[in-house]
Structures are given as C-alpha cells and as structure tokens.
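Asker: Before anything else, here's the structure in question.
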Amino acid sequence: MGKAFDPSLIVDFIPTLIYYLGVTLQILAASVLLGMVIGIASAILRLFRIPVLNQLVILYISFIRGTPILIQLFLVFYGLPAILLFINIDISRMDALYFVIITYALSNGAHFAEIFRGAIKAVDYGQTEAAYSVGMNNSQSFFRIVLPQAIRIAFPNIANSIIGSLKDTSLAFTIGVMDMMGRGETLIAATAHALEVYLSLAVIYYAVVLLFEKIFRLYENRINRHQSVDVSVTG
C-alpha cells in the first residue's frame, strides 16, 4: 500500500522523469527510421509478389500484428542472443536499449508495410505511365513519382503509428532500460508514492503527444498545400 496522496510531489517528480525523455525519444526515432526502411521494403516485396519472400513478409506482418508488443520484446531480448549463439556470435552483453530498438523497428516495420502498400496502390497508375513516357525506368518512376505521392497519402496513418509507438516505448523498462518509465519505477520503489509518479508520467506523455500532433498537423498541411490549391482552382 502506498503513502497518502501528495499532489505537490507531482511537481517534484516531473523534472526528474523528464530528464529521461531523451532515452524514450531516442528509442522512438531509431525504431521509426528503421521501421520505415523495413516497411517500404516489405511493401515492395508484397506488391511485386516476389516468390518465397512475399510469403515470408505476409507471415512476418501477420505475426507482428497478432502478438502483443511485450511478448515480441521478450522474444527478441531472449531469443536473438540464443539464435546467434548457434553461429558463435555472443550478444548477451549487448545494451538492452538495442534490443528495444530492434523490437520496435520490427513492429513499426510491419505496420508501415501495410500502410505503404495501401498508399502505393492508391496512386493512380497513370502517374507511372506518364513517367515511362518521359523515359524513366521502373525504379526511377517508383522512387521519384509514386513513392513521394504514396508518402503524402500514408502520412496521417504514419503519424498515428508513431504516436502509438511513443506510448508503447513505456514497456522498455521491463528488460532494464532506464527510460522515463524505468525511472518512474525506481521512484515508486524509493518513495512509495505510485499515484504521483504515474500522474507525472501521464502529464509528460500527454504533453509530448500533443506536441507531436501539432507538428504532424503542420507538416500534413504543408505537404498538402498544393493539392488544396488544385482543388480550389478546379472547383
């Protein structure tokens, strides 16, 4: 049982916890960037239906979407060192932070793959034909014409996934990463004021999410500004 609720402690705890926000954002940034690469590559493999690889990607996406992120985290943390040990690679002493980044990169990659696949299919094929007509090859038309438009279409879903991933990073402490949640657990152990600590964490996460939403909204308006002009002109 914790101690009596003391609202003044929230003000004291927030600066202590926010000091570890950098670790949380580091996990988020690295896993999102790697997840983007994995997601785009997986989407391409699915769209072109490359034999064997397409089936593996489908299985990968299905597994990630069908299992809790906490179980995935433990599978990577305990399973990856065990697998690599078979080829005489010992990563058992690797910083737990890297296992967290790998896990969230794989998780983000699966979600981004479906987002990008849908967005790419939504781009009018006439855009690709126009690219061919001016002498572009397949890769040029994809990366210069199709992918930029697909990113614009996919951006709202990508933004939502990033915000969801930010909140999921709160599980990193379960394998020993000292992020905001991990520091919160040590504060609870030291002070027995669990409610104050969790309220402090809620305030910080909520503030960061609001900031991200504002940034994403501004960026979305920026990348869609020409489209809104075109709609108003044609209307």
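Scheme for the structure tokens: letters A, B, ... for chains in order shown; per-chain residue numbers from 1; ligand numbers from 1 in order shown.
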Using 12 Å as the limit and counting only C-alpha atoms, can you tabulate each residue of segment 22-69 of chain A that touches segment 197-221 of chain A, with its shortest atom-to-atom distance in Å and the two atoms involved, as a tab-separated table?
Answerer:
```
residue	atom	partner	partner_atom	distance
A:Gly22	CA	A:Val208	CA	11.7
A:Thr24	CA	A:Tyr205	CA	10.2
A:Leu25	CA	A:Val208	CA	9.9
```
Asker: Could you write out the selected residues, including C-alpha atoms, as an mmCIF file, in the first residue's frame?
Answerer:
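again.cif was written with the following content:
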```cif
data_model
loop_
_atom_site.group_PDB
_atom_site.id
_atom_site.type_symbol
_atom_site.label_atom_id
_atom_site.label_comp_id
_atom_site.auth_asym_id
_atom_site.auth_seq_id
_atom_site.Cartn_x
_atom_site.Cartn_y
_atom_site.Cartn_z
ATOM 1 C CA GLY A 22 15.735 11.721 -24.297
ATOM 2 C CA THR A 24 12.410 7.497 -24.886
ATOM 3 C CA LEU A 25 12.742 9.763 -27.925
#
```
Asker: Give me, as JSON lines, each residue of segment 148-190 of chain A that comes within 6 Å of segment 111-122 of chain A, together with its shortest interatomic pair and the distance in Å at one decimal, counting only C-alpha atoms, with rows ordered by chain and rising residue number.
Answerer:
```
{"residue": "A:Ala150", "atom": "CA", "partner": "A:Ala119", "partner_atom": "CA", "distance": 4.8}
{"residue": "A:Ile153", "atom": "CA", "partner": "A:Ala119", "partner_atom": "CA", "distance": 5.7}
{"residue": "A:Ala154", "atom": "CA", "partner": "A:Ala119", "partner_atom": "CA", "distance": 5.5}
```
Asker: Would you write out those residues with N, CA, C and O atoms, as a short mmCIF file (atom, residue, chain, number, x, y, z; two decimals), in the first residue's frame?
Answerer:
```cif
data_model
loop_
_atom_site.label_atom_id
_atom_site.label_comp_id
_atom_site.auth_asym_id
_atom_site.auth_seq_id
_atom_site.Cartn_x
_atom_site.Cartn_y
_atom_site.Cartn_z
N ALA A 150 2.78 8.47 -52.46
CA ALA A 150 2.31 7.47 -51.50
C ALA A 150 2.57 7.93 -50.07
O ALA A 150 1.74 7.70 -49.18
N ILE A 153 -0.08 10.34 -49.07
CA ILE A 153 -1.34 9.64 -48.78
C ILE A 153 -1.26 8.92 -47.44
O ILE A 153 -2.22 8.90 -46.67
N ALA A 154 -0.09 8.32 -47.18
CA ALA A 154 0.07 7.49 -45.98
C ALA A 154 0.34 8.30 -44.72
O ALA A 154 0.23 7.75 -43.61
#
```
Asker: Leaving out segment 56-61 of chain A and any residue of its chain fewer than 3 positions from it, which residues lie within 12 Å of it when counting only C-alpha atoms, given as number ranges by chain?
Answerer: A: 38-53, 64-67, 72, 106-115
Asker: Among segment 4-178 of chain A, which ones does DSSP assign to alpha helix (DSSP H) (computed from the backbone)? Answer as a ChimeraX atom specification.
Answerer: /A:8-18,21-47,53-66,69-74,80-85,96-122,125-133,138-141,147-168
Asker: Would you export the selected residues with C-alpha atoms as a short mmCIF file (atom, residue, chain, number, x, y, z; two decimals), in the first residue's frame, please?
Answerer:
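And here is the file that came out, again.cif:
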```cif
data_model
loop_
_atom_site.label_atom_id
_atom_site.label_comp_id
_atom_site.auth_asym_id
_atom_site.auth_seq_id
_atom_site.Cartn_x
_atom_site.Cartn_y
_atom_site.Cartn_z
CA SER A 8 2.98 18.62 -4.54
CA LEU A 9 5.16 15.62 -5.36
CA ILE A 10 3.94 15.68 -8.96
CA VAL A 11 5.74 18.99 -9.46
CA ASP A 12 8.87 17.48 -7.90
CA PHE A 13 8.74 14.27 -9.93
CA ILE A 14 8.18 15.77 -13.39
CA PRO A 15 11.70 17.32 -13.74
CA THR A 16 13.27 14.06 -12.54
CA LEU A 17 11.30 11.97 -15.01
CA ILE A 18 11.58 14.34 -17.97
CA LEU A 21 12.70 11.71 -22.01
CA GLY A 22 15.73 11.72 -24.30
CA VAL A 23 16.07 7.95 -23.96
CA THR A 24 12.41 7.50 -24.89
CA LEU A 25 12.74 9.76 -27.92
CA GLN A 26 15.97 8.02 -28.96
CA ILE A 27 14.14 4.67 -28.98
CA LEU A 28 11.27 6.20 -30.93
CA ALA A 29 13.43 7.95 -33.55
CA ALA A 30 15.69 4.95 -34.23
CA SER A 31 12.84 2.44 -34.38
CA VAL A 32 10.72 4.65 -36.65
CA LEU A 33 13.56 5.26 -39.12
CA LEU A 34 14.46 1.57 -39.26
CA GLY A 35 10.77 0.69 -39.39
CA MET A 36 10.33 2.95 -42.41
CA VAL A 37 13.06 1.09 -44.28
CA ILE A 38 11.62 -2.30 -43.30
CA GLY A 39 8.09 -1.17 -44.11
CA ILE A 40 8.87 0.19 -47.57
CA ALA A 41 10.95 -2.89 -48.46
CA SER A 42 8.21 -5.22 -47.21
CA ALA A 43 5.53 -3.30 -49.11
CA ILE A 44 7.54 -3.57 -52.34
CA LEU A 45 8.04 -7.31 -51.86
CA ARG A 46 4.30 -7.74 -51.39
CA LEU A 47 3.29 -5.51 -54.28
CA LEU A 53 9.90 -13.50 -49.95
CA ASN A 54 6.28 -12.43 -50.37
CA GLN A 55 5.09 -15.35 -48.23
CA LEU A 56 7.72 -14.60 -45.59
CA VAL A 57 6.66 -10.97 -45.43
CA ILE A 58 3.00 -11.98 -45.07
CA LEU A 59 3.93 -14.30 -42.18
CA TYR A 60 6.08 -11.60 -40.57
CA ILE A 61 3.31 -8.98 -40.75
CA SER A 62 0.69 -11.44 -39.52
CA PHE A 63 2.84 -12.47 -36.55
CA ILE A 64 3.65 -8.89 -35.52
CA ARG A 65 0.03 -7.78 -35.81
CA GLY A 66 -1.21 -10.86 -33.98
CA ILE A 69 4.47 -5.92 -28.29
CA LEU A 70 5.56 -7.03 -24.79
CA ILE A 71 5.88 -10.66 -25.95
CA GLN A 72 7.79 -9.51 -29.03
CA LEU A 73 10.15 -7.58 -26.78
CA PHE A 74 10.90 -10.66 -24.67
CA LEU A 80 18.03 -13.26 -30.60
CA PRO A 81 21.09 -13.99 -28.41
CA ALA A 82 20.13 -17.69 -28.31
CA ILE A 83 19.83 -17.88 -32.12
CA LEU A 84 23.07 -16.01 -32.80
CA LEU A 85 24.91 -18.20 -30.31
CA ALA A 96 19.19 -3.71 -23.59
CA LEU A 97 18.44 -0.45 -25.41
CA TYR A 98 19.40 -2.06 -28.73
CA PHE A 99 17.02 -4.97 -28.19
CA VAL A 100 14.24 -2.47 -27.59
CA ILE A 101 15.08 -0.58 -30.80
CA ILE A 102 15.18 -3.83 -32.81
CA THR A 103 11.81 -4.91 -31.42
CA TYR A 104 10.08 -1.62 -32.09
CA ALA A 105 11.68 -1.34 -35.53
CA LEU A 106 10.25 -4.75 -36.47
CA SER A 107 6.87 -3.81 -35.01
CA ASN A 108 6.78 -0.45 -36.79
CA GLY A 109 8.00 -2.07 -40.00
CA ALA A 110 5.05 -4.45 -40.10
CA HIS A 111 2.53 -1.66 -39.58
CA PHE A 112 4.27 0.68 -42.02
CA ALA A 113 4.35 -2.10 -44.64
CA GLU A 114 0.57 -2.30 -44.72
CA ILE A 115 0.22 1.49 -44.65
CA PHE A 116 2.65 1.95 -47.55
CA ARG A 117 1.20 -0.95 -49.54
CA GLY A 118 -2.25 0.62 -49.40
CA ALA A 119 -0.89 4.09 -50.18
CA ILE A 120 1.16 2.91 -53.15
CA LYS A 121 -1.83 1.10 -54.61
CA ALA A 122 -3.87 4.29 -54.18
CA TYR A 125 -1.29 4.15 -62.37
CA GLY A 126 -1.46 6.93 -64.94
CA GLN A 127 1.34 8.59 -62.96
CA THR A 128 3.59 5.60 -63.66
CA GLU A 129 2.64 5.55 -67.33
CA ALA A 130 3.46 9.24 -67.58
CA ALA A 131 6.86 8.56 -66.03
CA TYR A 132 7.54 5.83 -68.59
CA SER A 133 6.54 8.18 -71.39
CA ASN A 138 10.81 1.21 -63.10
CA SER A 139 12.95 2.29 -60.16
CA GLN A 140 13.04 5.94 -61.24
CA SER A 141 9.28 6.11 -61.68
CA LEU A 147 6.71 6.92 -53.55
CA PRO A 148 6.51 10.69 -52.79
CA GLN A 149 2.77 10.65 -53.54
CA ALA A 150 2.31 7.47 -51.50
CA ILE A 151 4.04 9.06 -48.51
CA ARG A 152 1.64 12.01 -48.70
CA ILE A 153 -1.34 9.64 -48.78
CA ALA A 154 0.07 7.49 -45.98
CA PHE A 155 1.18 10.34 -43.73
CA PRO A 156 -1.91 10.52 -41.44
CA ASN A 157 -1.67 6.79 -40.69
CA ILE A 158 2.10 7.02 -40.26
CA ALA A 159 1.64 9.86 -37.77
CA ASN A 160 -0.87 7.81 -35.78
CA SER A 161 1.50 4.84 -35.75
CA ILE A 162 4.37 6.98 -34.49
CA ILE A 163 2.25 8.33 -31.64
CA GLY A 164 1.18 4.78 -30.80
CA SER A 165 4.81 3.67 -30.84
CA LEU A 166 5.75 6.51 -28.49
CA LYS A 167 3.29 5.19 -25.93
CA ASP A 168 4.46 1.59 -26.48
#
```
Asker: Can you list, as a list in words, every protein, DNA or RNA residue that comes within 10 Å of Phe173 of chain A when you count only C-alpha atoms, leaving out same-chain residues fewer than 3 positions away?
Answerer: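 Listed by chain and then number, they are Ala96, Leu97, Val100, Thr169, Ser170, Gly176, Val177, Met178, Asp179, Met180, Met181, Gly182, Arg183, Gly184 and Glu185 of chain A.
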Asker: Find the distance between atom CA of Arg222 of chain A and atom CA of Val146 of chain A and write it in Å to one decimal.
Answerer: 18.7 Å
Asker: Quick check, in Å to one decimal: how far apart do atom CA of Phe5 of chain A and atom CA of Glu196 of chain A lie?
Answerer: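 The value is 7.1 Å.
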Asker: Between atom CA of Pro7 of chain A and atom CA of Leu195 of chain A, what is the distance, to one decimal in Å?
Answerer: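 Pair atom CA of Pro7 of chain A / atom CA of Leu195 of chain A returns 9.4 Å.
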